[in-house]
$ cat upload_6.pdb   # PDB, C-alpha atoms
ATOM      1  CA  MET A   1      -3.318  29.568 -25.521  1.00  0.00           C
ATOM      2  CA  GLU A   2      -4.336  26.985 -28.138  1.00  0.00           C
ATOM      3  CA  ILE A   3      -1.019  27.395 -29.997  1.00  0.00           C
ATOM      4  CA  THR A   4       0.949  26.956 -26.759  1.00  0.00           C
ATOM      5  CA  LYS A   5      -1.051  23.858 -25.908  1.00  0.00           C
ATOM      6  CA  HIS A   6      -0.476  22.450 -29.400  1.00  0.00           C
ATOM      7  CA  LEU A   7       3.293  23.079 -29.197  1.00  0.00           C
ATOM      8  CA  SER A   8       3.413  21.472 -25.765  1.00  0.00           C
ATOM      9  CA  ASN A   9       1.658  18.378 -27.108  1.00  0.00           C
ATOM     10  CA  LEU A  10       4.109  18.202 -30.026  1.00  0.00           C
ATOM     11  CA  GLN A  11       7.058  18.402 -27.644  1.00  0.00           C
ATOM     12  CA  SER A  12       5.561  15.649 -25.478  1.00  0.00           C
ATOM     13  CA  ASP A  13       5.027  13.483 -28.554  1.00  0.00           C
ATOM     14  CA  GLU A  14       8.647  13.973 -29.632  1.00  0.00           C
ATOM     15  CA  ILE A  15       9.945  13.076 -26.172  1.00  0.00           C
ATOM     16  CA  LEU A  16       7.755   9.965 -26.158  1.00  0.00           C
ATOM     17  CA  LYS A  17       8.967   8.914 -29.629  1.00  0.00           C
ATOM     18  CA  LYS A  18      12.608   9.266 -28.589  1.00  0.00           C
ATOM     19  CA  ALA A  19      11.968   7.257 -25.423  1.00  0.00           C
ATOM     20  CA  LEU A  20      10.258   4.482 -27.396  1.00  0.00           C
ATOM     21  CA  LEU A  21      13.105   4.291 -29.921  1.00  0.00           C
ATOM     22  CA  SER A  22      15.842   4.056 -27.303  1.00  0.00           C
ATOM     23  CA  SER A  23      16.504   1.380 -24.664  1.00  0.00           C
ATOM     24  CA  THR A  24      17.053   2.483 -21.090  1.00  0.00           C
ATOM     25  CA  LYS A  25      18.074   0.197 -18.242  1.00  0.00           C
ATOM     26  CA  CYS A  26      16.201   1.151 -15.109  1.00  0.00           C
ATOM     27  CA  VAL A  27      15.718   0.146 -11.504  1.00  0.00           C
ATOM     28  CA  VAL A  28      12.098  -0.393 -10.515  1.00  0.00           C
ATOM     29  CA  ARG A  29      11.549   0.060  -6.790  1.00  0.00           C
ATOM     30  CA  CYS A  30       8.269  -1.072  -5.248  1.00  0.00           C
ATOM     31  CA  TYR A  31       7.346   0.125  -1.763  1.00  0.00           C
ATOM     32  CA  ALA A  32       4.780  -2.230  -0.197  1.00  0.00           C
ATOM     33  CA  ILE A  33       3.263  -0.535   2.841  1.00  0.00           C
ATOM     34  CA  GLU A  34       0.257  -2.537   3.986  1.00  0.00           C
ATOM     35  CA  ALA A  35      -2.954  -4.282   2.938  1.00  0.00           C
ATOM     36  CA  PHE A  36      -6.575  -3.914   3.983  1.00  0.00           C
ATOM     37  CA  ASP A  37      -9.553  -6.241   4.244  1.00  0.00           C
ATOM     38  CA  LEU A  38      -7.902  -9.325   2.774  1.00  0.00           C
ATOM     39  CA  SER A  39     -10.451 -12.059   2.112  1.00  0.00           C
ATOM     40  CA  PRO A  40     -10.113 -15.092   4.400  1.00  0.00           C
ATOM     41  CA  ARG A  41      -8.877 -18.363   2.920  1.00  0.00           C
ATOM     42  CA  ASP A  42      -8.970 -20.233   6.241  1.00  0.00           C
ATOM     43  CA  VAL A  43     -12.148 -21.711   7.693  1.00  0.00           C
ATOM     44  CA  GLY A  44     -13.263 -19.756  10.726  1.00  0.00           C
ATOM     45  CA  SER A  45     -10.305 -17.350  10.851  1.00  0.00           C
ATOM     46  CA  PRO A  46      -8.605 -14.621   8.799  1.00  0.00           C
ATOM     47  CA  SER A  47      -5.873 -15.462   6.306  1.00  0.00           C
ATOM     48  CA  ASP A  48      -2.182 -15.684   7.189  1.00  0.00           C
ATOM     49  CA  PRO A  49      -0.949 -13.341   4.448  1.00  0.00           C
ATOM     50  CA  TYR A  50       2.368 -12.780   2.734  1.00  0.00           C
ATOM     51  CA  LEU A  51       3.423 -11.339  -0.635  1.00  0.00           C
ATOM     52  CA  ILE A  52       5.074 -12.732  -3.754  1.00  0.00           C
ATOM     53  CA  LEU A  53       6.382 -10.095  -6.181  1.00  0.00           C
ATOM     54  CA  LYS A  54       7.526 -10.896  -9.729  1.00  0.00           C
ATOM     55  CA  CYS A  55       9.044  -8.700 -12.424  1.00  0.00           C
ATOM     56  CA  ASN A  56      11.504  -9.365 -15.254  1.00  0.00           C
ATOM     57  CA  ASN A  57      12.408 -12.879 -14.078  1.00  0.00           C
ATOM     58  CA  LYS A  58      13.111 -11.752 -10.512  1.00  0.00           C
ATOM     59  CA  VAL A  59      10.966 -13.030  -7.650  1.00  0.00           C
ATOM     60  CA  TYR A  60      10.644 -11.973  -4.012  1.00  0.00           C
ATOM     61  CA  ASN A  61       8.834 -14.550  -1.891  1.00  0.00           C
ATOM     62  CA  GLU A  62       7.913 -13.424   1.623  1.00  0.00           C
ATOM     63  CA  ARG A  63       6.501 -16.794   2.714  1.00  0.00           C
ATOM     64  CA  ASP A  64       8.856 -16.981   5.706  1.00  0.00           C
ATOM     65  CA  ASN A  65       7.392 -13.683   6.912  1.00  0.00           C
ATOM     66  CA  TYR A  66       3.699 -14.575   6.836  1.00  0.00           C
ATOM     67  CA  GLN A  67       1.457 -12.866   9.407  1.00  0.00           C
ATOM     68  CA  LEU A  68      -0.843 -15.072  11.441  1.00  0.00           C
ATOM     69  CA  ASP A  69      -4.601 -14.377  11.296  1.00  0.00           C
ATOM     70  CA  GLU A  70      -4.161 -10.841   9.997  1.00  0.00           C
ATOM     71  CA  PRO A  71      -6.615  -9.346   7.464  1.00  0.00           C
ATOM     72  CA  ASN A  72      -4.800  -5.975   7.606  1.00  0.00           C
ATOM     73  CA  PRO A  73      -1.078  -6.820   7.476  1.00  0.00           C
ATOM     74  CA  LYS A  74       1.729  -4.256   7.619  1.00  0.00           C
ATOM     75  CA  PHE A  75       4.595  -4.909   5.180  1.00  0.00           C
ATOM     76  CA  ASN A  76       6.788  -1.768   5.260  1.00  0.00           C
ATOM     77  CA  LYS A  77       9.361  -3.108   2.788  1.00  0.00           C
ATOM     78  CA  ASN A  78      10.792  -2.133  -0.583  1.00  0.00           C
ATOM     79  CA  TYR A  79      11.817  -4.378  -3.469  1.00  0.00           C
ATOM     80  CA  ASP A  80      14.146  -3.596  -6.392  1.00  0.00           C
ATOM     81  CA  PHE A  81      13.890  -5.011  -9.912  1.00  0.00           C
ATOM     82  CA  GLU A  82      15.905  -4.279 -13.052  1.00  0.00           C
ATOM     83  CA  GLY A  83      14.147  -3.628 -16.333  1.00  0.00           C
ATOM     84  CA  ILE A  84      14.721  -2.380 -19.854  1.00  0.00           C
ATOM     85  CA  PHE A  85      12.317   0.259 -21.195  1.00  0.00           C
ATOM     86  CA  PRO A  86      10.630  -0.295 -23.553  1.00  0.00           C
ATOM     87  CA  GLY A  87      10.268  -4.035 -23.035  1.00  0.00           C
ATOM     88  CA  SER A  88       9.881  -4.388 -19.271  1.00  0.00           C
ATOM     89  CA  SER A  89       7.391  -6.941 -18.023  1.00  0.00           C
ATOM     90  CA  PRO A  90       4.602  -5.842 -15.677  1.00  0.00           C
ATOM     91  CA  LEU A  91       5.034  -6.065 -11.923  1.00  0.00           C
ATOM     92  CA  VAL A  92       2.856  -8.885 -10.581  1.00  0.00           C
ATOM     93  CA  ILE A  93       1.991  -8.954  -6.884  1.00  0.00           C
ATOM     94  CA  HIS A  94       0.281 -11.970  -5.335  1.00  0.00           C
ATOM     95  CA  ALA A  95      -1.205 -11.847  -1.855  1.00  0.00           C
ATOM     96  CA  MET A  96      -0.998 -15.400  -0.502  1.00  0.00           C
ATOM     97  CA  ASP A  97      -2.425 -17.296   2.473  1.00  0.00           C
ATOM     98  CA  TYR A  98       0.081 -19.474   4.322  1.00  0.00           C
ATOM     99  CA  ASP A  99      -1.110 -23.027   5.055  1.00  0.00           C
ATOM    100  CA  THR A 100       1.151 -25.894   6.134  1.00  0.00           C
ATOM    101  CA  LEU A 101      -1.500 -28.627   5.881  1.00  0.00           C
ATOM    102  CA  PHE A 102      -3.257 -28.120   2.562  1.00  0.00           C
ATOM    103  CA  GLY A 103      -0.862 -25.831   0.696  1.00  0.00           C
ATOM    104  CA  ASP A 104      -0.874 -22.063   0.336  1.00  0.00           C
ATOM    105  CA  ASP A 105      -3.855 -20.361  -1.303  1.00  0.00           C
ATOM    106  CA  LEU A 106      -3.966 -17.308  -3.519  1.00  0.00           C
ATOM    107  CA  ILE A 107      -5.921 -14.451  -1.943  1.00  0.00           C
ATOM    108  CA  GLY A 108      -5.652 -12.101  -4.900  1.00  0.00           C
ATOM    109  CA  THR A 109      -3.386 -10.540  -7.511  1.00  0.00           C
ATOM    110  CA  THR A 110      -2.681  -7.096  -8.878  1.00  0.00           C
ATOM    111  CA  VAL A 111      -0.687  -6.402 -12.065  1.00  0.00           C
ATOM    112  CA  VAL A 112       1.096  -3.065 -12.505  1.00  0.00           C
ATOM    113  CA  ASP A 113       1.830  -1.903 -16.050  1.00  0.00           C
ATOM    114  CA  LEU A 114       5.265  -0.334 -15.545  1.00  0.00           C
ATOM    115  CA  GLU A 115       5.601   0.946 -19.101  1.00  0.00           C
ATOM    116  CA  ASP A 116       2.327   2.813 -18.721  1.00  0.00           C
ATOM    117  CA  ARG A 117       3.970   4.767 -15.920  1.00  0.00           C
ATOM    118  CA  TYR A 118       7.431   5.104 -17.422  1.00  0.00           C
ATOM    119  CA  PHE A 119       6.120   6.578 -20.681  1.00  0.00           C
ATOM    120  CA  SER A 120       3.580   8.836 -18.988  1.00  0.00           C
ATOM    121  CA  MET A 121       4.832  12.431 -19.015  1.00  0.00           C
ATOM    122  CA  GLU A 122       2.603  13.355 -16.077  1.00  0.00           C
ATOM    123  CA  TRP A 123       3.823  10.458 -13.930  1.00  0.00           C
ATOM    124  CA  SER A 124       7.499  10.832 -14.919  1.00  0.00           C
ATOM    125  CA  THR A 125       7.642  14.505 -14.014  1.00  0.00           C
ATOM    126  CA  LEU A 126       6.324  13.922 -10.483  1.00  0.00           C
ATOM    127  CA  ARG A 127       9.124  14.302  -7.972  1.00  0.00           C
ATOM    128  CA  GLU A 128       7.310  12.162  -5.428  1.00  0.00           C
ATOM    129  CA  LYS A 129       5.308   9.310  -6.917  1.00  0.00           C
ATOM    130  CA  PRO A 130       1.714   8.890  -5.761  1.00  0.00           C
ATOM    131  CA  ILE A 131       0.720   6.230  -3.267  1.00  0.00           C
ATOM    132  CA  GLU A 132      -1.561   3.675  -4.903  1.00  0.00           C
ATOM    133  CA  PHE A 133      -4.379   1.710  -3.328  1.00  0.00           C
ATOM    134  CA  ARG A 134      -4.602  -1.305  -5.619  1.00  0.00           C
ATOM    135  CA  GLN A 135      -7.486  -3.741  -5.578  1.00  0.00           C
ATOM    136  CA  ILE A 136      -6.506  -7.415  -5.752  1.00  0.00           C
ATOM    137  CA  TYR A 137      -8.604  -9.998  -7.588  1.00  0.00           C
ATOM    138  CA  HIS A 138      -9.032 -13.767  -7.803  1.00  0.00           C
ATOM    139  CA  GLU A 139     -10.089 -15.562 -10.976  1.00  0.00           C
ATOM    140  CA  SER A 140     -12.999 -17.182  -9.134  1.00  0.00           C
ATOM    141  CA  THR A 141     -14.869 -13.895  -8.672  1.00  0.00           C
ATOM    142  CA  SER A 142     -15.146 -10.366 -10.014  1.00  0.00           C
ATOM    143  CA  LEU A 143     -15.257  -8.961  -6.473  1.00  0.00           C
ATOM    144  CA  SER A 144     -12.216  -7.340  -4.901  1.00  0.00           C
ATOM    145  CA  GLN A 145     -10.352  -9.560  -2.440  1.00  0.00           C
ATOM    146  CA  GLY A 146      -8.682  -6.673  -0.629  1.00  0.00           C
ATOM    147  CA  VAL A 147      -6.458  -3.646  -1.181  1.00  0.00           C
ATOM    148  CA  ILE A 148      -2.672  -3.243  -1.226  1.00  0.00           C
ATOM    149  CA  LYS A 149      -1.230   0.175  -0.354  1.00  0.00           C
ATOM    150  CA  MET A 150       2.012   0.807  -2.235  1.00  0.00           C
ATOM    151  CA  TRP A 151       3.899   3.027  -4.625  1.00  0.00           C
ATOM    152  CA  ILE A 152       6.444   2.602  -7.415  1.00  0.00           C
ATOM    153  CA  GLU A 153       9.528   4.518  -8.518  1.00  0.00           C
ATOM    154  CA  ILE A 154      11.454   3.969 -11.760  1.00  0.00           C
ATOM    155  CA  ASN A 155      14.969   5.409 -12.033  1.00  0.00           C
ATOM    156  CA  SER A 156      17.669   5.077 -14.663  1.00  0.00           C
ATOM    157  CA  ALA A 157      20.315   2.514 -13.710  1.00  0.00           C
ATOM    158  CA  ALA A 158      22.913   5.073 -14.802  1.00  0.00           C
ATOM    159  CA  ILE A 159      22.121   7.177 -11.725  1.00  0.00           C
ATOM    160  CA  PRO A 160      24.404   6.206  -8.800  1.00  0.00           C
ATOM    161  CA  ALA A 161      22.495   4.387  -6.077  1.00  0.00           C
ATOM    162  CA  ASN A 162      23.544   6.923  -3.444  1.00  0.00           C
ATOM    163  CA  GLU A 163      21.878   9.694  -5.466  1.00  0.00           C
ATOM    164  CA  ILE A 164      18.486   7.987  -5.462  1.00  0.00           C
ATOM    165  CA  ARG A 165      16.477   8.710  -2.352  1.00  0.00           C
ATOM    166  CA  LYS A 166      15.446   5.572  -0.505  1.00  0.00           C
ATOM    167  CA  TRP A 167      12.474   6.162   1.740  1.00  0.00           C
ATOM    168  CA  ASP A 168      12.555   4.656   5.213  1.00  0.00           C
ATOM    169  CA  ILE A 169       9.133   3.073   5.688  1.00  0.00           C
ATOM    170  CA  THR A 170      10.018   0.803   8.599  1.00  0.00           C
ATOM    171  CA  PRO A 171       7.395   1.162  11.330  1.00  0.00           C
ATOM    172  CA  LYS A 172       8.276   3.511  14.159  1.00  0.00           C
ATOM    173  CA  PRO A 173       8.613   1.870  17.591  1.00  0.00           C
ATOM    174  CA  PRO A 174       5.626   2.365  19.897  1.00  0.00           C
ATOM    175  CA  VAL A 175       5.900   5.264  22.304  1.00  0.00           C
ATOM    176  CA  PRO A 176       4.116   5.099  25.685  1.00  0.00           C
ATOM    177  CA  MET A 177       1.631   7.937  26.046  1.00  0.00           C
ATOM    178  CA  GLU A 178      -0.801   9.107  28.676  1.00  0.00           C
ATOM    179  CA  VAL A 179      -4.148  10.621  27.791  1.00  0.00           C
ATOM    180  CA  ARG A 180      -5.587  12.764  30.575  1.00  0.00           C
ATOM    181  CA  ILE A 181      -9.130  14.140  30.445  1.00  0.00           C
ATOM    182  CA  CYS A 182     -10.265  16.772  32.893  1.00  0.00           C
ATOM    183  CA  VAL A 183     -14.026  17.051  33.519  1.00  0.00           C
ATOM    184  CA  LEU A 184     -14.560  20.485  35.019  1.00  0.00           C
ATOM    185  CA  ASN A 185     -18.315  20.577  35.455  1.00  0.00           C
ATOM    186  CA  CYS A 186     -21.637  19.366  34.101  1.00  0.00           C
ATOM    187  CA  LYS A 187     -24.641  21.335  32.931  1.00  0.00           C
ATOM    188  CA  ASP A 188     -28.345  20.560  32.635  1.00  0.00           C
ATOM    189  CA  VAL A 189     -27.984  17.091  34.165  1.00  0.00           C
ATOM    190  CA  GLU A 190     -31.327  15.303  34.404  1.00  0.00           C
ATOM    191  CA  MET A 191     -32.454  14.643  37.974  1.00  0.00           C
ATOM    192  CA  MET A 192     -32.845  10.865  38.378  1.00  0.00           C
ATOM    193  CA  ASP A 193     -33.567  10.439  42.122  1.00  0.00           C
ATOM    194  CA  TRP A 194     -37.031  10.798  43.637  1.00  0.00           C
ATOM    195  CA  GLU A 195     -35.900  13.649  45.847  1.00  0.00           C
ATOM    196  CA  GLY A 196     -34.909  15.683  42.756  1.00  0.00           C
ATOM    197  CA  THR A 197     -31.166  15.102  42.766  1.00  0.00           C
ATOM    198  CA  SER A 198     -28.627  12.927  40.935  1.00  0.00           C
ATOM    199  CA  ASP A 199     -25.406  11.255  42.071  1.00  0.00           C
ATOM    200  CA  VAL A 200     -23.385  12.066  38.964  1.00  0.00           C
ATOM    201  CA  PHE A 201     -20.257  10.197  37.886  1.00  0.00           C
ATOM    202  CA  CYS A 202     -18.463   9.726  34.531  1.00  0.00           C
ATOM    203  CA  LYS A 203     -17.358   6.671  32.539  1.00  0.00           C
ATOM    204  CA  GLY A 204     -14.739   6.668  29.800  1.00  0.00           C
ATOM    205  CA  TYR A 205     -13.769   4.158  27.123  1.00  0.00           C
ATOM    206  CA  PHE A 206     -10.683   4.177  24.899  1.00  0.00           C
ATOM    207  CA  ASP A 207     -10.407   1.839  21.902  1.00  0.00           C
ATOM    208  CA  SER A 208     -11.803  -1.095  23.894  1.00  0.00           C
ATOM    209  CA  SER A 209     -14.652  -2.162  26.114  1.00  0.00           C
ATOM    210  CA  GLU A 210     -12.501  -1.666  29.192  1.00  0.00           C
ATOM    211  CA  GLU A 211     -14.028   0.893  31.480  1.00  0.00           C
ATOM    212  CA  VAL A 212     -11.831   3.603  32.974  1.00  0.00           C
TER     213      VAL A 212
END
$ encode --input "upload_6.pdb" --output "C-alpha cells"
Amino acid sequence: MEITKHLSNLQSDEILKKALLSSTKCVVRCYAIEAFDLSPRDVGSPSDPYLILKCNNKVYNERDNYQLDEPNPKFNKNYDFEGIFPGSSPLVIHAMDYDTLFGDDLIGTTVVDLEDRYFSMEWSTLREKPIEFRQIYHESTSLSQGVIKMWIEINSAAIPANEIRKWDITPKPPVPMEVRICVLNCKDVEMMDWEGTSDVFCKGYFDSSEEV
C-alpha cells in the first residue's frame, strides 16, 4: 500500500512538472448563481447589487443589470475568459452597490486563484466542478460582507466549443401550484367553553402573515 501510494505521488509530481513547463491556452468559465446577505451600502435600505468580473485584462461589468434593494440577488449567468497556464491572473469578482447620486460603492470582493485549481490533480480530475460559496470582503473590515454562490470550469482552448458542456442556469419560469390540506379530525382538544365544549376551527399560514 505504501509503495503504491509513493508511486502515485511520483506520477502526480511528474504530471505537475510537465504542466508547469508547458503553456496551455484555456477558457475559464465562471458560473455566477446568486449571492446571500450582502451588506447594505444605502442608508435605510438594502444595496442595489451588481457584479464586476475581471481576469486576464477582460472585464464584465453588469452595472446595467443592477437589482434594486436586493440583499440576496439572483445572477444565473456565465462568463468566459481566456488564459494561459501557467501565468493566468486570478479571477477578481467585485460585488457593487449601484448609486446614481453619490457614485457606486464596493460591497465586497473575492479573488479566485485559478492556477491553484488548474494545477490541482484532485480538482482537475473532477468531472463536475464543485459549487463554491465564497465570502466577500471589504478593506474597511475583517468581517464578511456576504457570500457569492458560483463555480468555475477551466478547459483547454484546443477543445471545440461544441464539445464543452455549457450548463443552463437560467431561472425556470414560475409554475402556478395549489396546495391543498385536508384536516380529517382532531384529538384531545381542550374544552374552552363553560359548558364543557369547544367550537373548533383551523387557521393556516403559508409564507406570509395572510390568514387562509
$ closest_residue --input "upload_6.pdb" --among "A:Ile148, A:Thr125, A:Leu114, A:Asp42" --to "A:Asn72" --atoms "only C-alpha atoms"
A:Ile148
$ closest_residue --input "upload_6.pdb" --among "A:Met150, A:Cys26, A:Ile107, A:Ala158" --to "A:His138" --atoms "all atoms listed in the file"
A:Ile107
$ atom_distance --input "upload_6.pdb" --atom1 "atom CA of A:Ala95" --atom2 "atom CA of A:Lys77"
14.5 Å
$ residues_near_point --input "upload_6.pdb" --point "(-9.3, -15.9, 8.8)" --cutoff "12 Å" --atoms "all atoms listed in the file" --output "VMD selection string"
chain A and resid 37 to 49 67 to 72 97 to 99 107
$ closest_residue --input "upload_6.pdb" --among "A:Gly108, A:Gly146, A:Pro173, A:Gly204" --to "A:Glu34" --atoms "all atoms listed in the file"
A:Gly146
$ closest_residue --input "upload_6.pdb" --among "A:Gly103, A:Asp116, A:Lys74, A:Tyr66" --to "A:Ser89" --atoms "all atoms listed in the file"
A:Asp116
$ residues_around --input "upload_6.pdb" --residues "A:Ile181" --least-positions-apart "2" --cutoff "12 Å" --atoms "all atoms listed in the file" --output "JSON, numbers by chain"
{"A": [178, 179, 183, 184, 202, 203, 204, 205, 206, 212]}
$ write_last_selection --input "upload_6.pdb" --atoms "C-alpha atoms" --output "CSV table (one decimal), keeping the file's coordinate frame"
chain,number,residue,atom,x,y,z
A,178,GLU,CA,-0.8,9.1,28.7
A,179,VAL,CA,-4.1,10.6,27.8
A,183,VAL,CA,-14.0,17.1,33.5
A,184,LEU,CA,-14.6,20.5,35.0
A,202,CYS,CA,-18.5,9.7,34.5
A,203,LYS,CA,-17.4,6.7,32.5
A,204,GLY,CA,-14.7,6.7,29.8
A,205,TYR,CA,-13.8,4.2,27.1
A,206,PHE,CA,-10.7,4.2,24.9
A,212,VAL,CA,-11.8,3.6,33.0
$ closest_residue --input "upload_6.pdb" --among "A:Asn57, A:Ser88, A:Ser140, A:Thr197" --to "A:Tyr118" --atoms "only C-alpha atoms"
A:Ser88
$ residues_near_point --input "upload_6.pdb" --point "(5.2, 1.5, -18.3)" --cutoff "12 Å" --atoms "only C-alpha atoms" --output "number ranges by chain"
A: 16, 19-20, 26, 28, 83-91, 111-121, 123-124, 152-154
$ atom_distance --input "upload_6.pdb" --atom1 "atom CA of A:Asp168" --atom2 "atom CA of A:Asp80"
14.3 Å
$ atom_distance --input "upload_6.pdb" --atom1 "atom CA of A:Cys182" --atom2 "atom CA of A:Asp199"
18.5 Å
$ residues_around --input "upload_6.pdb" --residues "A:Val200" --least-positions-apart "6" --cutoff "12 Å" --atoms "only C-alpha atoms" --output "ChimeraX atom specification"
/A:183,185-193
$ closest_residue --input "upload_6.pdb" --among "A:Trp167, A:Gln135, A:Ala157, A:Asp64" --to "A:Asn76" --atoms "all atoms listed in the file"
A:Trp167
